[in-house]
Every structure is written in structure tokens, then in C-alpha cells.
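Report on the structure given below.
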Amino acid sequence: MIITIHRGINQIGGCITEIASASGTKILIDLGHNLPEGENRDNDPLDKIENIDPILDGVSAVFYTHSHGDHVGFEAVIDKKGIPQYIGRLSKKLLQLQRGNILYYHPTPELRASKKAIDNFTTYEANKPIKICDITITPYYVSHSAPDAYMFVVECDGRTVLHTGDFREHGYRGKGLKPTIQKYIVPRNIDVLVIEGTMLGRDDSRMISEATLYEELTELMRKYKYVFVMCTSQDADRISSINHAVATVGGRRMLVDGYQYKVLEAFEKELGQGNFLCYQYKRKHYFRKNWSNVLDKDCKRGFAMLVRNNCNFRKALDEMMPLLDKEQCCLVYSQFKGYITPKHSAFMQNTYDFIHTFDWHFMYLHTSGHASRETLEMVCKNVKPKMAIIPIHREARSDFRELNLSEELKNKVITQSTSIEDIKIVVK
């Protein structure tokens with residue numbers, strides 16, 4: 001077996017992992033774009049289509065852990081080469097909605113090719129193995145800010161790899177992580193653990209649960225009549241917290257645009273069944289342009305409105321804000337704080353300007369989609385890989401050896417190319 005980390009050993013986002021069997025069968029896990037440097041596309045060579053070809057040479061399939069853009073991004077190139085692409089069912093639907101929405105406003109050939117490729121994706125299901133020649137891949141559900149995320153157990157040449165993808169414990173379904181690992185992963189006797197480490201280089205002192213975030217949102221909505229929330233449109237847990245807070249305060253609606261409404265319908269269909277009623281968004285209300293009518297009839301007691309930084313929302317807010325008492329208005333920013341922090345490498349001036357457009361009260365209220373240090377420790381200690389721990393999706397300055405792990409586990413952390421028995425690990 002050969003495990004190649006094409007990208008991700010010393011950066012967050014854009015991870016590309018290749019696993020090849022002795023017979024030459026190759027699969028890729030995730031192939032997306034680097035996270036942008038502020039408002040500009042990162043200039044990493046692997047963010048250019050012409051440099052992806054060598055990675056795709058001889059690949060039998062590409063598996064995506066979830067739908068975020070730093071994990072999926074070259075689907076049209078891959079589709080053109082006839083390489084099968086696999087993703088979760090809800091993730092496929094969300095990507096179709098996203099690409100379709102952008103295509104409506106920007107009908108370019110590139111976007112059409114992207115949409116066509118996504119339509120061709122094959123979907124997998126949790127706990128059901130897929131065989132690609134002599135490699136077997138089994139997905140297991142994990143909680144993440146993307147609502148349909150998975151880790152993979154990969155088996156070939158008598159060896160077993162666990163690739164965690166992005167995960168956390170503090171989401172609404174995160175409490176299932178440890179039981180999943182103990183029931184399904186531990187018995188597999190994992191040889192190599194490929195694990196994300198996003199939060200190792202960040203301050204996780206305020207790693208609150210989504211349930212706590214809901215409580216803080218509820219208090220905020222009791223204080224302010226009109227609450228605007230800027231969050232990721234496909235973060236089912238975050239929007240569930242908002243919707244639940246709206247319902248708790250009572251008499252209010254959660255205002256969403258047409259695209260967001262379709263996304264919430266997809267959440268309800270795929271997630272909001274059985275015991276997961278938190279994914280039923282009964283307070284959602286599709287707003288249209290007649291603001292005076294909305295405010296007089298539908299939202300007399302106030303609202304929470306999901307907003308995004310685009311021309312449609314800027315126009316809508318320009319029309320809406322003069323009708324409201326600004327003292328009763330609050331904007332909640334619920335995304336990575338680096339995007340709105342001047343001098344941070346991820347700072348986005350356009351986003352910063354958007355949230356400061358109006359004279360409303362401002363509140364930063366967010367929790368990460370990634371695992372805390374304690375959760376990373378729990379996974380390593382429970383999985384106890386026999387041969388290696390390969391940390392990816394982490395900043396270069398972070399070190400897994402700083403975690404509270406045994407010396408035996410610390411000595412298994414690999415960040416450079418090496419060979420261990422019959423497994424070759426290549427770090428590029």
C-alpha cells in the first residue's frame with residue numbers, strides 16, 4: 001500500500017489524499033480548492049487545472065468526505081476523464097442546488113460543466129462498503145458544519161486506513177462519534193490514522209456546543225426584535241439553532257430567500273426524520289420584495305433573517321432597514337472570525353464592509369465545525385493505530401505531539417515521507 005498526501009500536511013483546506021494498492025489501483029479522497037487568501041484565490045499550483053492531470057493519472061475513483069469547496073472543486077475535469085466520483089446523497093443535492101443557483105446568475109460554460117459533473121456523481125451510504133477493484137471503502141457518518149459528512153475506512157493489501165475527513169463532537173449529532181468509533185472502527189484494527197487537526201493551531205477556548213449557541217441566540221432574540229444572521233447557508237446545525245431560538249421566543253419567523261428555502265427543504269427531507277426533528281424548519285418563511293407587507297402581517301413580533309453577502313441581499317436590506325427601528329436591530333456574524341479580522345491572512349474586506357453597512361448592533365456568535373483538542377485526543381486514543389498517525393488539514397505550526405497522548409502514540413505521528421513495514425507514506 002502507498003499513502004500519498006498530495007496536499008494538506010501543513011495547511012487547512014485543499015487536502016488531497018491518495019491510497020494505492022500494490023496492484024496499482026488508486027483512489028483519491030477529496031480534491032478541492034485551497035481556502036482563499038482573503039478575497040483572492042490562493043496561488044497554490046494544485047489550484048490550477050493543468051497541474052491536476054498528473055494526480056488523476058491512473059486514478060480509479062474519487063471519494064468526497066463532504067461538500068465544502070475545499071474538498072470538492074475539480075469535478076468537471078474529473079468527469080471529463082471518465083473517473084467515477086462518489087459523495088453522500090444529501091451532499092450531492094446541496095452541490096446541485098448551489099451550482100444551479102450560481103448558474104442562474106452566471107451561465108458560463110465552466111459552471112454548466114460543473115453542474116453536469118455533479119449530476120453524474122454516484123452516491124454512497126453510511127456503513128455500506130464500496131469495492132473499487134482490490135480497494136474497499138466504507139463510509140461512516142460524522143458531525144461537521146457540512147450536514148452530510150463522512151469518515152472512510154479503506155482496506156487493501158491486508159492493511160486498513162481510517163481517513164477521518166472533517167469532524168466534531170459538539171454538533172447536534174456529534175455525540176454519536178465515540179460510539180461509532182468504538183462499535184465500527186476499533187474492531188477493524190486500524191493500521192494508519194489520517195486525521196484532521198484544524199483547531200490545533202487555533203484558540204479553541206470558546207468551543208461551545210451548538211446547544212449552547214442556541215441558548216445564546218435565544219437570549220439575543222429576546223433582547224432584539226429584528227435579528228439578522230450571517231452564517232453558511234448549508235450549515236444545518238447552525239440554522240437549526242436559529243430556527244429553534246425563533247420558536248422558543250415565539251411569534252416570530254425565520255426569513256429566508258428562495259435558494260435558502262430549497263436548501264432547508266433538502267435538510268428536512270434527508271435529515272429531519274425520526275428522532276431528528278431539530279432539522280424540521282417549521283418557522284421558515286420565504287420572503288419576497290414587499291417589505292411593508294411582510295413586516296405588517298407576517299413579522300409584527302419580529303424575525304430572524306438569514307443573510308448572505310451578495311447584491312440581492314444588499315438591495316433587500318437597503319429597502320428594508322429604513323422601515324425598522326435600528327435600536328431593535330442586531331446582526332449576528334456566525335462564521336470564522338478571521339474573515340472579518342483586519343490583518344488576518346483570511347480577512348475579506350467586502351465581508352467586513354457588509355456587516356458594518358448599517359448602524360445596527362453587532363454580535364459575533366460562532367462555534368467551529370472542527371474537532372477540539374479533546375476530541376482529537378479521544379479519537380487517537382480509541383483508534384490506537386498500529387503503525388502511523390498522519391495529521392492533515394492543519395496549520396504548519398501545529399503539532400499533534402502536543403496533544404495529551406501516550407508516548408507510543410506520539411511516536412507514531414508522521415509528517416514526512418517514510419516507509420513502515422509494507423506501507424509507503426509519501427508526503428508532498
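Residue numbering restarts at 1 for every chain of the C-alpha cells, chains are lettered A, B, ... in their displayed order, and ligands are numbered from 1 as they appear.
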
Exercise. Would you return as a PyMOL selection string the members of segment 139-300 of chain A that DSSP assigns to strand (DSSP E or B) on this structure's backbone?
Key: chain A and resi 139-143+149-156+159-163+168+192-196+226-231+253-256+284-286

Using only C-alpha atoms, what does the table of segment 65-170 of chain A residues within 10 Å of segment 266-272 of chain A look like, with each row giving the shortest atom pair and its distance in Å to one decimal, sorted by chain and ascending number, as a Markdown table?
| residue | atom | partner | partner_atom | distance |
| --- | --- | --- | --- | --- |
| A:Arg89 | CA | A:Glu270 | CA | 8.5 |
| A:Leu90 | CA | A:Glu270 | CA | 6.5 |
| A:Ser91 | CA | A:Ala266 | CA | 9.9 |
| A:Lys93 | CA | A:Ala266 | CA | 7.4 |
| A:Leu94 | CA | A:Ala266 | CA | 7.6 |
| A:Leu97 | CA | A:Ala266 | CA | 9.4 |
| A:Pro147 | CA | A:Phe267 | CA | 8.2 |
| A:Asp148 | CA | A:Leu271 | CA | 8.9 |

Please produce a file of the residues just selected, as an mmCIF file, in the first residue's frame, where the atoms kept are C-alpha atoms.
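Result file is part05.cif:
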data_model
loop_
_atom_site.group_PDB
_atom_site.id
_atom_site.type_symbol
_atom_site.label_atom_id
_atom_site.label_comp_id
_atom_site.auth_asym_id
_atom_site.auth_seq_id
_atom_site.Cartn_x
_atom_site.Cartn_y
_atom_site.Cartn_z
ATOM 1 C CA ARG A 89 -26.727 11.738 -1.201
ATOM 2 C CA LEU A 90 -27.523 14.997 0.616
ATOM 3 C CA SER A 91 -24.115 16.427 -0.302
ATOM 4 C CA LYS A 93 -28.223 17.534 -3.660
ATOM 5 C CA LEU A 94 -26.654 20.536 -1.917
ATOM 6 C CA LEU A 97 -28.617 23.468 -5.603
ATOM 7 C CA PRO A 147 -24.546 18.238 7.281
ATOM 8 C CA ASP A 148 -23.624 15.130 5.286
#

Self-check item: Counting only C-alpha atoms, the option among A:Tyr214, A:Phe121, A:Phe152, A:Tyr364 closest to Thr248 of chain A
Solution: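 With only C-alpha atoms as the atom set, the closest residue is A:Tyr214.
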
Self-check item: Distance criterion (only C-alpha atoms): nearest to Cys278 of chain A out of A:Asn189, A:Gly24, A:Leu365, A:Tyr172
Solution: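 Comparing A:Asn189, A:Gly24, A:Leu365, A:Tyr172 against Cys278 of chain A, the winner is A:Tyr172.
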
Quiz item: For Gly165 of chain A, which residue among A:Asp422, A:Asp318, A:Asp30, A:Glu408 is the nearest when counting only C-alpha atoms?
Solution: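 Nearest to Gly165 of chain A: A:Asp30.
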
Exercise. Give me, please, the distance in Å between atom CA of Val294 of chain A and atom CA of Ser334 of chain A, quoted to one decimal.
Key: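 Atom-to-atom, atom CA of Val294 of chain A and atom CA of Ser334 of chain A are spaced 24.9 Å apart.
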
Quiz item: Do you know which residues are at most 7 Å from segment 309-311 of chain A counting only C-alpha atoms, after dropping those on the same chain fewer than 4 positions away, and could you put them as a PyMOL selection string?
Solution: chain A and resi 315+351+354

Quiz item: When distances are computed from only C-alpha atoms, which of A:His106, A:Asp166, A:Tyr64, A:Glu18 shows the smallest separation from Ile118 of chain A?
Solution: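 Ranking A:His106, A:Asp166, A:Tyr64, A:Glu18 by distance to Ile118 of chain A, first place goes to A:Tyr64.
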
Exercise. Tell me which of A:Val59, A:Leu403, A:Thr4, A:Glu374 sits closest to Cys133 of chain A, counting only C-alpha atoms.
Key: A:Val59
